$ cat target_27.txt   # compact mmCIF, C-alpha atoms
# COMPACT_ATOMS: atom_id res chain seq x y z
CA MET S 1 54.93 -26.64 -37.70
CA SER S 2 53.80 -23.37 -39.21
CA VAL S 3 51.85 -22.90 -42.40
CA ALA S 4 52.83 -20.06 -44.66
CA VAL S 5 50.38 -17.98 -46.64
CA PRO S 6 51.19 -15.53 -49.40
CA ALA S 7 51.48 -11.85 -48.56
CA GLY S 8 48.30 -9.96 -49.32
CA PHE S 9 46.27 -12.82 -47.94
CA LEU S 10 46.68 -11.93 -44.29
CA PRO S 11 44.65 -14.28 -42.20
CA SER S 12 41.69 -12.69 -40.47
CA TYR S 13 40.74 -14.07 -37.07
CA HIS S 14 37.49 -12.20 -36.80
CA ARG S 15 34.53 -11.61 -39.05
CA ILE S 16 32.83 -8.26 -38.47
CA PRO S 17 29.31 -8.04 -39.85
CA SER S 18 28.84 -5.40 -42.52
CA LEU S 19 27.61 -1.96 -41.55
CA GLY S 20 24.39 -2.56 -43.45
CA TYR S 21 23.72 -5.76 -41.54
CA ARG S 22 24.50 -4.05 -38.24
CA ILE S 23 22.14 -1.19 -39.06
CA LEU S 24 19.41 -3.65 -39.98
CA ALA S 25 19.89 -5.61 -36.78
CA GLY S 26 20.09 -2.33 -34.86
CA ALA S 27 16.78 -1.18 -36.32
CA ALA S 28 15.09 -4.36 -35.15
CA ARG S 29 16.66 -3.87 -31.75
CA LEU S 30 15.52 -0.26 -31.69
CA VAL S 31 11.91 -1.25 -32.35
CA LEU S 32 11.94 -3.77 -29.49
CA LEU S 33 13.60 -1.29 -27.14
CA LEU S 34 11.13 1.45 -28.02
CA ILE S 35 8.25 -0.89 -27.31
CA ALA S 36 9.73 -1.95 -23.96
CA LEU S 37 11.04 1.42 -22.80
CA VAL S 38 8.54 3.84 -24.34
CA GLY S 39 5.43 2.12 -25.68
CA VAL S 40 4.46 -0.07 -22.74
CA PRO S 41 5.31 2.42 -19.94
CA ALA S 42 3.73 5.39 -21.73
CA ALA S 43 0.59 3.42 -22.54
CA SER S 44 0.31 2.25 -18.92
CA LEU S 45 0.74 5.79 -17.61
CA ALA S 46 -1.76 7.15 -20.13
CA TYR S 47 -4.26 4.54 -18.97
CA LEU S 48 -3.79 5.55 -15.33
CA ASP S 49 -4.11 9.18 -16.36
CA SER S 50 -7.38 8.46 -18.15
CA LEU S 51 -8.73 7.05 -14.89
CA GLY S 52 -7.77 10.25 -13.12
CA ILE S 53 -5.03 8.55 -11.13
CA SER S 54 -1.99 10.67 -10.38
CA LEU S 55 1.15 9.58 -12.21
CA PRO S 56 4.47 8.84 -10.52
CA VAL S 57 6.42 10.49 -13.37
CA PRO S 58 5.24 12.65 -16.26
CA ILE S 59 4.71 10.81 -19.56
CA PRO S 60 7.09 13.15 -21.50
CA THR S 61 9.89 12.22 -19.07
CA VAL S 62 9.31 8.52 -19.69
CA VAL S 63 9.18 9.05 -23.46
CA ALA S 64 12.30 11.23 -23.59
CA ALA S 65 14.35 8.92 -21.35
CA GLY S 66 13.10 5.80 -23.13
CA VAL S 67 13.92 7.19 -26.58
CA ALA S 68 17.36 8.37 -25.41
CA ILE S 69 18.27 4.99 -23.90
CA ALA S 70 16.90 3.03 -26.87
CA VAL S 71 18.72 5.17 -29.45
CA LEU S 72 21.99 5.18 -27.51
CA SER S 73 21.80 1.44 -26.99
CA THR S 74 21.15 0.89 -30.70
CA VAL S 75 23.97 3.17 -31.85
CA ARG S 76 26.25 1.43 -29.36
CA ALA S 77 25.37 -1.97 -30.82
CA ILE S 78 26.00 -0.75 -34.37
CA ALA S 79 29.31 0.79 -33.32
CA ARG S 80 30.49 -2.29 -31.46
CA PRO S 81 33.47 -2.98 -33.73
CA THR S 82 34.68 0.61 -33.42
CA ARG S 83 36.44 2.55 -30.68
CA ALA S 84 33.21 4.43 -30.04
CA TYR S 85 31.71 1.34 -28.47
CA GLY S 86 33.22 1.93 -25.03
CA PRO S 87 32.22 5.61 -24.74
CA LEU S 88 28.75 4.80 -26.09
CA SER S 89 28.39 2.06 -23.48
CA VAL S 90 29.34 4.58 -20.81
CA ALA S 91 26.87 7.12 -22.19
CA THR S 92 24.04 4.57 -22.34
CA SER S 93 24.71 3.47 -18.77
CA ALA S 94 24.97 7.04 -17.52
CA VAL S 95 21.65 8.04 -19.08
CA THR S 96 20.04 4.89 -17.66
CA ILE S 97 21.40 5.66 -14.19
CA ALA S 98 20.13 9.23 -14.42
CA TYR S 99 16.69 7.98 -15.48
CA LEU S 100 16.54 5.47 -12.62
CA LEU S 101 17.54 8.18 -10.16
CA VAL S 102 14.69 10.36 -11.43
CA LEU S 103 12.31 7.43 -10.96
CA ARG S 104 13.75 6.86 -7.49
CA LEU S 105 12.91 10.43 -6.53
CA ALA S 106 9.24 9.66 -7.21
CA SER S 107 9.24 6.87 -4.61
CA PRO S 108 7.00 6.25 -2.76
CA TYR S 109 4.30 6.37 -5.36
CA ARG S 110 1.02 7.55 -3.90
CA LEU S 111 -1.91 6.19 -5.81
CA ALA S 112 -5.17 7.91 -4.98
CA ALA S 113 -8.34 6.91 -6.74
CA PRO S 114 -10.41 10.09 -7.11
CA SER S 115 -13.77 8.35 -6.93
CA HIS S 116 -12.89 6.38 -3.81
CA SER S 117 -11.56 7.50 -0.47
CA LEU S 118 -8.69 5.07 -0.90
CA ALA S 119 -5.01 5.90 -1.07
CA ILE S 120 -2.17 3.46 -1.57
CA SER S 121 1.48 4.30 -1.19
CA VAL S 122 4.13 1.96 -2.57
CA GLY S 123 7.82 2.50 -1.97
CA TYR S 124 10.21 1.11 -4.54
CA ALA S 125 13.44 2.96 -3.76
CA THR S 126 15.18 -0.15 -2.40
CA PHE S 127 14.23 -2.12 -5.48
CA LEU S 128 15.54 0.64 -7.75
CA ASP S 129 18.77 0.62 -5.76
CA LEU S 130 19.18 -2.99 -6.86
CA VAL S 131 18.17 -2.12 -10.44
CA LEU S 132 20.85 0.59 -10.44
CA LEU S 133 23.38 -2.21 -10.15
CA VAL S 134 22.64 -3.18 -13.76
CA PRO S 135 23.71 0.08 -15.47
CA ALA S 136 26.44 0.60 -12.86
CA LEU S 137 28.05 -2.72 -13.79
CA ALA S 138 27.57 -1.94 -17.49
CA LEU S 139 29.16 1.46 -16.89
CA VAL S 140 32.27 -0.17 -15.44
CA SER S 141 32.34 -2.57 -18.37
CA GLY S 142 32.16 0.38 -20.77
CA ILE S 143 34.97 2.21 -19.03
CA VAL S 144 37.20 -0.86 -19.16
CA THR S 145 36.38 -1.35 -22.84
CA THR S 146 37.22 2.30 -23.53
CA VAL S 147 40.57 1.85 -21.81
CA GLU S 148 41.22 -1.38 -23.69
CA ASP S 149 40.38 0.21 -27.06
CA ALA S 150 42.65 3.13 -26.27
CA ARG S 151 45.58 0.92 -25.30
CA SER S 152 45.20 -1.80 -27.90
CA PRO S 153 42.81 -0.87 -30.70
CA GLY S 154 41.14 -3.89 -32.23
CA GLU S 155 42.40 -6.22 -29.54
CA ARG S 156 38.91 -7.37 -28.59
CA LEU S 157 37.63 -7.89 -32.14
CA PRO S 158 38.77 -11.54 -32.52
CA TYR S 159 36.86 -12.34 -29.33
CA ASP S 160 33.80 -10.22 -30.06
CA TYR S 161 33.55 -11.45 -33.64
CA PRO S 162 35.34 -14.79 -33.88
CA ALA S 163 35.77 -16.03 -37.42
CA MET Q 1 55.07 -14.64 -45.95
CA VAL Q 2 53.21 -14.65 -42.69
CA SER Q 3 52.99 -17.54 -40.34
CA PHE Q 4 50.06 -18.65 -38.24
CA ALA Q 5 52.25 -18.06 -35.22
CA ALA Q 6 50.51 -14.62 -35.21
CA LEU Q 7 47.21 -16.16 -34.11
CA PRO Q 8 45.60 -14.26 -31.25
CA PRO Q 9 46.04 -15.97 -27.90
CA ARG Q 10 43.30 -18.38 -26.99
CA ARG Q 11 42.86 -16.66 -23.63
CA PRO Q 12 41.45 -13.13 -24.08
CA PRO Q 13 43.41 -10.21 -22.66
CA ARG Q 14 42.86 -9.22 -19.06
CA LEU Q 15 41.01 -5.97 -19.83
CA TYR Q 16 38.71 -7.76 -22.23
CA ARG Q 17 37.95 -10.41 -19.64
CA THR Q 18 37.29 -7.76 -17.04
CA ALA Q 19 34.92 -5.84 -19.28
CA ARG Q 20 33.14 -9.03 -20.28
CA ALA Q 21 32.79 -10.14 -16.66
CA PHE Q 22 31.13 -6.85 -15.69
CA ALA Q 23 28.86 -6.97 -18.73
CA ARG Q 24 27.81 -10.55 -17.97
CA LEU Q 25 27.29 -9.78 -14.31
CA SER Q 26 25.11 -6.85 -15.32
CA ALA Q 27 23.05 -9.13 -17.57
CA VAL Q 28 22.69 -11.76 -14.84
CA VAL Q 29 21.53 -9.15 -12.31
CA LEU Q 30 19.06 -7.79 -14.86
CA VAL Q 31 17.60 -11.23 -15.53
CA LEU Q 32 17.34 -12.01 -11.81
CA LEU Q 33 15.62 -8.69 -11.12
CA LEU Q 34 13.19 -9.22 -14.01
CA VAL Q 35 12.32 -12.69 -12.71
CA PHE Q 36 11.92 -11.28 -9.20
CA LEU Q 37 9.74 -8.42 -10.45
CA GLY Q 38 7.59 -10.79 -12.47
CA THR Q 39 6.98 -13.11 -9.54
CA VAL Q 40 6.32 -10.14 -7.25
CA ALA Q 41 3.74 -8.78 -9.69
CA TYR Q 42 2.07 -12.17 -9.95
CA SER Q 43 2.06 -12.68 -6.18
CA ALA Q 44 0.74 -9.18 -5.60
CA SER Q 45 -2.13 -9.75 -8.03
CA GLU Q 46 -3.00 -12.96 -6.20
CA LEU Q 47 -2.85 -11.13 -2.88
CA VAL Q 48 -5.11 -8.33 -4.10
CA ARG Q 49 -7.66 -10.88 -5.29
CA GLN Q 50 -7.87 -12.27 -1.75
CA SER Q 51 -9.37 -9.18 -0.18
CA PRO Q 52 -9.30 -9.18 3.64
CA GLN Q 53 -12.31 -10.79 5.30
CA THR Q 54 -13.77 -8.56 7.98
CA GLY Q 55 -16.76 -10.62 9.05
CA GLY Q 56 -17.81 -11.20 12.61
CA PHE Q 57 -17.65 -7.63 13.84
CA SER Q 58 -20.07 -6.83 16.61
CA ALA Q 59 -20.79 -3.92 18.88
CA GLY Q 60 -21.93 -4.02 22.46
CA LEU Q 61 -21.87 -2.29 25.79
CA ALA Q 62 -18.80 -3.24 27.73
CA ALA Q 63 -17.52 -2.67 31.22
CA ASN Q 64 -15.88 0.59 32.33
CA GLY Q 65 -18.36 2.74 30.46
CA THR Q 66 -17.25 1.76 27.00
CA MET Q 67 -18.85 0.66 23.78
CA ALA Q 68 -16.89 -2.26 22.38
CA VAL Q 69 -16.53 -2.98 18.68
CA THR Q 70 -14.82 -6.33 18.35
CA GLY Q 71 -14.03 -8.65 15.51
CA ALA Q 72 -11.21 -10.00 13.43
CA VAL Q 73 -9.64 -9.38 10.05
CA SER Q 74 -8.45 -12.42 8.14
CA VAL Q 75 -5.81 -11.85 5.50
CA SER Q 76 -4.81 -14.57 3.06
CA ASN Q 77 -1.42 -14.40 1.36
CA PRO Q 78 -1.41 -16.83 -1.57
CA GLY Q 79 1.72 -15.36 -3.16
CA PHE Q 80 5.37 -16.36 -3.06
CA TYR Q 81 6.58 -13.57 -0.80
CA PRO Q 82 5.88 -12.62 2.80
CA VAL Q 83 4.07 -9.52 3.91
CA GLY Q 84 6.23 -8.32 6.77
CA GLY Q 85 5.24 -6.11 9.66
CA PHE Q 86 1.56 -5.95 8.75
CA SER Q 87 -0.25 -3.66 11.14
CA MET Q 88 -3.52 -1.85 11.03
CA SER Q 89 -4.92 1.23 12.72
CA LEU Q 90 -8.58 2.07 13.00
CA ARG Q 91 -9.71 5.58 13.86
CA ILE Q 92 -13.31 6.54 14.39
CA SER Q 93 -14.71 10.04 14.51
CA ASN Q 94 -18.24 11.31 14.34
CA GLY Q 95 -19.82 13.30 11.55
CA SER Q 96 -18.65 16.60 12.97
CA GLY Q 97 -15.07 15.36 13.09
CA ALA Q 98 -14.81 14.77 16.83
CA TYR Q 99 -12.40 11.97 17.61
CA LEU Q 100 -14.07 9.02 19.29
CA GLY Q 101 -11.48 6.29 19.51
CA THR Q 102 -8.68 4.43 17.85
CA VAL Q 103 -7.08 1.01 17.89
CA THR Q 104 -3.83 -0.32 16.46
CA THR Q 105 -3.30 -4.01 15.91
CA ALA Q 106 -0.09 -5.79 16.72
CA SER Q 107 2.42 -6.11 13.91
CA VAL Q 108 2.31 -9.56 12.30
CA ASP Q 109 4.07 -11.27 9.41
CA LEU Q 110 1.86 -12.85 6.77
CA VAL Q 111 3.68 -15.91 5.58
CA PRO Q 112 3.39 -16.99 1.93
CA GLY Q 113 0.54 -19.41 1.38
CA GLY Q 114 -0.95 -18.79 4.80
CA VAL Q 115 -3.98 -17.15 6.33
CA THR Q 116 -3.48 -14.83 9.27
CA THR Q 117 -6.23 -13.60 11.53
CA VAL Q 118 -5.73 -10.30 13.28
CA PRO Q 119 -8.08 -9.62 16.21
CA VAL Q 120 -9.43 -6.10 16.51
CA ALA Q 121 -11.04 -4.67 19.64
CA LEU Q 122 -12.01 -1.02 19.71
CA TYR Q 123 -13.39 0.50 22.90
CA LEU Q 124 -15.18 3.81 22.64
CA PRO Q 125 -15.51 5.63 25.96
CA ILE Q 126 -19.15 6.63 26.31
CA THR Q 127 -18.78 8.23 29.69
CA SER Q 128 -21.04 11.15 30.49
CA GLY Q 129 -19.85 14.33 28.82
CA GLY Q 130 -17.42 12.51 26.54
CA PRO Q 131 -17.49 12.92 22.75
CA ALA Q 132 -18.72 9.36 22.26
CA GLU Q 133 -21.64 9.83 24.63
CA SER Q 134 -23.92 10.71 21.74
CA LEU Q 135 -23.44 7.20 20.37
CA LEU Q 136 -25.88 6.05 23.03
CA VAL Q 137 -28.83 8.19 22.01
CA SER Q 138 -28.21 9.55 18.50
CA ASP Q 139 -28.16 7.68 15.22
CA GLN Q 140 -25.37 9.09 13.15
CA TYR Q 141 -22.75 8.51 10.53
CA LEU Q 142 -19.32 7.63 11.78
CA VAL Q 143 -16.19 8.26 9.77
CA VAL Q 144 -14.07 5.13 9.93
CA GLY Q 145 -10.46 5.58 8.84
CA VAL Q 146 -8.28 2.54 8.31
CA TRP Q 147 -4.51 2.65 7.93
CA GLY Q 148 -2.53 -0.43 6.97
CA ASN Q 149 1.25 -0.72 6.78
CA ALA Q 150 3.41 -3.58 5.60
CA THR Q 151 6.50 -4.42 3.62
CA TYR Q 152 5.83 -6.67 0.65
CA ALA Q 153 8.45 -9.03 -0.76
CA TYR Q 154 11.20 -7.61 1.47
CA LEU Q 155 11.67 -4.51 -0.71
CA PHE Q 156 8.35 -2.74 -1.14
CA PRO Q 157 6.96 -0.77 1.80
CA ILE Q 158 3.24 -0.30 1.30
CA SER Q 159 0.73 1.78 3.18
CA VAL Q 160 -2.98 1.87 2.54
CA HIS Q 161 -5.46 4.40 3.80
CA ALA Q 162 -9.18 4.06 3.34
CA GLU Q 163 -11.98 6.08 4.79
CA GLU Q 164 -15.67 5.45 4.71
CA ASN Q 165 -18.85 6.51 6.42
CA ARG Q 166 -20.71 3.88 8.41
CA SER Q 167 -24.15 4.37 9.84
CA TRP Q 168 -24.44 3.94 13.57
CA GLY Q 169 -27.64 2.86 15.25
CA ALA Q 170 -27.90 4.14 18.81
CA PRO Q 171 -29.06 1.66 21.47
CA PHE Q 172 -31.21 4.35 23.11
CA SER Q 173 -32.06 6.28 19.99
CA ASN Q 174 -34.18 9.40 20.55
CA LEU Q 175 -34.28 8.87 24.31
CA ARG Q 176 -37.05 11.00 25.78
CA VAL Q 177 -38.11 11.51 29.38
CA GLY Q 178 -41.50 13.10 29.79
CA VAL Q 179 -43.07 14.26 33.03
CA GLY Q 180 -46.83 14.36 33.42
CA THR Q 181 -49.08 16.38 35.66
CA PRO Q 182 -48.33 16.05 39.40
CA THR Q 183 -51.02 14.45 41.52
CA LEU Q 184 -51.45 14.17 45.25
CA VAL Q 185 -51.28 10.56 46.45
CA ASN Q 186 -51.64 9.85 50.18
CA GLY Q 187 -50.24 13.28 51.02
CA SER Q 188 -47.29 12.97 48.66
CA VAL Q 189 -46.84 14.48 45.22
CA SER Q 190 -46.46 11.94 42.43
CA VAL Q 191 -45.67 12.59 38.78
CA PRO Q 192 -45.95 10.09 35.96
CA VAL Q 193 -42.59 9.82 34.18
CA THR Q 194 -42.50 8.33 30.70
CA VAL Q 195 -39.33 6.95 29.13
CA SER Q 196 -39.22 6.19 25.42
CA PHE Q 197 -36.56 5.27 22.92
CA THR Q 198 -35.88 2.92 20.03
CA ASN Q 199 -33.16 0.31 20.08
CA HIS Q 200 -31.33 0.88 16.81
CA ALA Q 201 -28.31 -1.10 17.96
CA SER Q 202 -27.48 -4.58 16.77
CA PHE Q 203 -27.72 -6.03 20.26
CA ALA Q 204 -30.58 -6.53 22.73
CA GLU Q 205 -30.79 -4.44 25.86
CA VAL Q 206 -31.50 -6.54 28.89
CA GLY Q 207 -31.28 -4.98 32.34
CA THR Q 208 -32.70 -2.08 34.26
CA LEU Q 209 -33.09 1.57 33.44
CA SER Q 210 -32.85 3.64 36.63
CA LEU Q 211 -34.12 7.16 36.52
CA VAL Q 212 -33.41 9.94 39.01
CA VAL Q 213 -35.37 13.19 38.77
CA ARG Q 214 -33.57 16.31 39.95
CA ASP Q 215 -34.83 19.83 40.38
CA ALA Q 216 -33.26 22.88 38.74
CA GLY Q 217 -30.76 23.15 41.59
CA GLY Q 218 -29.60 19.54 41.21
CA ALA Q 219 -31.31 18.16 44.33
CA THR Q 220 -32.81 14.71 43.99
CA CYS Q 221 -36.60 14.78 43.85
CA GLY Q 222 -37.39 11.13 43.24
CA SER Q 223 -36.50 8.02 41.32
CA ALA Q 224 -37.98 5.13 39.38
CA SER Q 225 -36.83 1.91 37.83
CA PHE Q 226 -37.75 0.47 34.43
CA PRO Q 227 -37.05 -3.17 33.62
CA LEU Q 228 -35.73 -3.57 30.09
CA ASP Q 229 -35.72 -6.37 27.55
CA VAL Q 230 -35.63 -4.61 24.23
CA VAL Q 231 -34.66 -6.48 21.10
CA PRO Q 232 -32.87 -4.72 18.22
CA GLY Q 233 -35.18 -2.44 16.28
CA ALA Q 234 -37.89 -2.38 18.95
CA TYR Q 235 -39.53 0.77 20.29
CA TYR Q 236 -39.69 1.11 24.07
CA TYR Q 237 -42.29 3.17 25.86
CA SER Q 238 -43.07 2.92 29.57
CA THR Q 239 -44.53 5.14 32.27
CA GLN Q 240 -43.83 4.89 36.00
CA PRO Q 241 -45.03 7.07 38.88
CA VAL Q 242 -42.32 8.95 40.74
CA LEU Q 243 -42.97 10.16 44.26
CA LEU Q 244 -41.41 13.58 44.70
CA SER Q 245 -39.69 14.79 47.86
CA SER Q 246 -41.49 17.42 49.82
CA GLY Q 247 -41.27 20.84 48.20
CA CYS Q 248 -39.37 19.56 45.20
CA SER Q 249 -40.31 20.91 41.77
CA VAL Q 250 -39.21 19.05 38.68
CA SER Q 251 -39.97 21.89 36.34
CA GLY Q 252 -36.70 23.01 34.71
CA GLY Q 253 -34.91 20.06 36.25
CA THR Q 254 -33.18 17.09 34.71
CA ALA Q 255 -33.65 13.35 34.53
CA VAL Q 256 -30.52 11.25 34.94
CA VAL Q 257 -30.98 7.86 33.32
CA THR Q 258 -28.67 4.94 34.08
CA PHE Q 259 -28.67 1.61 32.32
CA SER Q 260 -27.51 -1.42 34.26
CA GLY Q 261 -26.92 -4.61 32.34
CA PRO Q 262 -24.73 -7.70 32.45
CA ALA Q 263 -21.73 -5.70 31.18
CA GLY Q 264 -21.99 -2.98 33.81
CA THR Q 265 -23.57 0.39 34.33
CA ILE Q 266 -23.73 3.22 31.83
CA VAL Q 267 -24.98 6.71 32.50
CA LEU Q 268 -26.97 8.09 29.58
CA PRO Q 269 -26.90 11.78 28.66
CA PRO Q 270 -29.08 13.80 31.10
CA GLN Q 271 -32.52 14.72 29.80
CA ALA Q 272 -33.95 18.17 30.45
CA ILE Q 273 -37.44 18.36 31.91
CA PRO Q 274 -39.50 21.22 30.48
$ encode --input "target_27.txt" --output "structure tokens"
Amino acid sequence: MSVAVPAGFLPSYHRIPSLGYRILAGAARLVLLLIALVGVPAASLAYLDSLGISLPVPIPTVVAAGVAIAVLSTVRAIARPTRAYGPLSVATSAVTIAYLLVLRLASPYRLAAPSHSLAISVGYATFLDLVLLVPALALVSGIVTTVEDARSPGERLPYDYPA
Amino acid sequence: MVSFAALPPRRPPRLYRTARAFARLSAVVLVLLLVFLGTVAYSASELVRQSPQTGGFSAGLAANGTMAVTGAVSVSNPGFYPVGGFSMSLRISNGSGAYLGTVTTASVDLVPGGVTTVPVALYLPITSGGPAESLLVSDQYLVVGVWGNATYAYLFPISVHAEENRSWGAPFSNLRVGVGTPTLVNGSVSVPVTVSFTNHASFAEVGTLSLVVRDAGGATCGSASFPLDVVPGAYYYSTQPVLLSSGCSVSGGTAVVTFSGPAGTIVLPPQAIP
């Protein structure tokens, strides 16, 4: 049995949050991301620097990469209902991969305390190789989403935003 | 009129499912890595708190003309992850940078929640003319370099290098051989020979100090023997008469001093006679 509805009252099978709501949620997300990707790492590095300990990566690099990833990730979340979502996912993943590769170049990290004749070297390249899996998988997901949006625009909306 | 037959299929399209699967897998990997990193950080902080115990180190004269520094390093690993391939190298040089000796421990795995003891035995050759010979008669500062290598939690290779100066107390510190005025005894020439030193080592010297007096050309003029029982920190001073061979003059010669103890015989650096 099928139920008829009048024309002009097309049934909607998804409920996309308003742009204002998405921007508000994105702002909250941006704050958290900035704290995690910029605030905490930069503060930790600044503390090491104040002790005269050599840094594995310059603070401006951490700040620039952290801001770029946080902003891209936020814009991507806001643009989720649009066709820009896939390309923005790819861009976010690509920037993250580039950042991780820069960090990988700094491995092993040689920590030398200036006031002590003690030097510690810690290698983390293998760990970062595993971490690289995260943006790599997200990159593939973004590419597939881009292809899906190009072939069938709006196809994913009922599943991303079920009514 | 539109019918509800246009409802989207319950099962999402293939591309959507693929994208979602990759996104979820990425999230799962991220969570697993964050949990791993958190536990590694916690375990590492616990490991750092348990600094290695290096008690029980002792030095002593050993056989084959060596000075032995022996002991053990105990490392406790209270964390969740193993410390694989832990090995340690010890290198000792004197204040002027001359290499004296080195030792490398066997590679061991420190299991989580366990305590591993690594024996260390360093033998410094103190043979006559060698760079470590001065350890017998000269107090000095030694530069002790320690290298440690290991792989923590399967993924993190770590190497540690520390260097520090340690004071060394010589067992025959400031060894002096003095020769007195020759006298004629029963037709032979005798000289009083005085041996003095301070035992700055951490071990007692029990044995015999044999002394051979040679002239400027290296020919043996006479000899004497000094019984020793010198506790750490004690000053030793003893004089013995030495009967000289006919026509032998000790002026400008040398005194060769040999210590014989339970561990063997060690030749001390030759002492010039004024």
$ axis_aligned_box --input "target_27.txt" --around "stretch 172-181 of chain Q" --padding-each-side "3 Å" --output "lines of an AutoDock Vina configuration file"
center_x = -40.1
center_y = 10.4
center_z = 27.8
size_x = 23.9
size_y = 18.0
size_z = 21.7
$ residues_around --input "target_27.txt" --residues "stretch 126-141 of chain S" --least-positions-apart "5" --cutoff "6 Å" --atoms "only C-alpha atoms" --output "PyMOL selection string"
(chain S and resi 90+93) or (chain Q and resi 19+22-23+26+30+155)
$ write_last_selection --input "target_27.txt" --atoms "C-alpha atoms" --output "PDB file, in the frame of the given file"
ATOM      1  CA  VAL S  90      29.340   4.580 -20.810  1.00  0.00           C
ATOM      2  CA  SER S  93      24.710   3.470 -18.770  1.00  0.00           C
TER       3      SER S  93
ATOM      4  CA  ALA Q  19      34.920  -5.840 -19.280  1.00  0.00           C
ATOM      5  CA  PHE Q  22      31.130  -6.850 -15.690  1.00  0.00           C
ATOM      6  CA  ALA Q  23      28.860  -6.970 -18.730  1.00  0.00           C
ATOM      7  CA  SER Q  26      25.110  -6.850 -15.320  1.00  0.00           C
ATOM      8  CA  LEU Q  30      19.060  -7.790 -14.860  1.00  0.00           C
ATOM      9  CA  LEU Q 155      11.670  -4.510  -0.710  1.00  0.00           C
TER      10      LEU Q 155
END
$ interface_residues --input "target_27.txt" --of "chain Q" --to "chain S" --cutoff "12 Å" --atoms "all atoms listed in the file" --output "ChimeraX atom specification"
/Q:1-34,36-37,40,143-165
$ closest_residue --input "target_27.txt" --among "Q:Ile92, Q:Ala263, Q:Val257, Q:Cys221" --to "Q:Leu135" --atoms "all atoms listed in the file"
Q:Ile92
$ closest_residue --input "target_27.txt" --among "Q:Leu268, Q:Val230, Q:Ala121, Q:Leu244" --to "Q:Thr104" --atoms "all atoms listed in the file"
Q:Ala121
$ atom_distance --input "target_27.txt" --atom1 "atom CA of S:Tyr85" --atom2 "atom CA of S:Leu100"
22.3 Å
$ atom_distance --input "target_27.txt" --atom1 "atom CA of Q:Gly253" --atom2 "atom CA of Q:Pro274"
7.5 Å
$ residues_around --input "target_27.txt" --residues "Q:Gly218" --least-positions-apart "2" --cutoff "12 Å" --atoms "only C-alpha atoms" --output "ChimeraX atom specification"
/Q:212-216,220-222,248-256,270,272
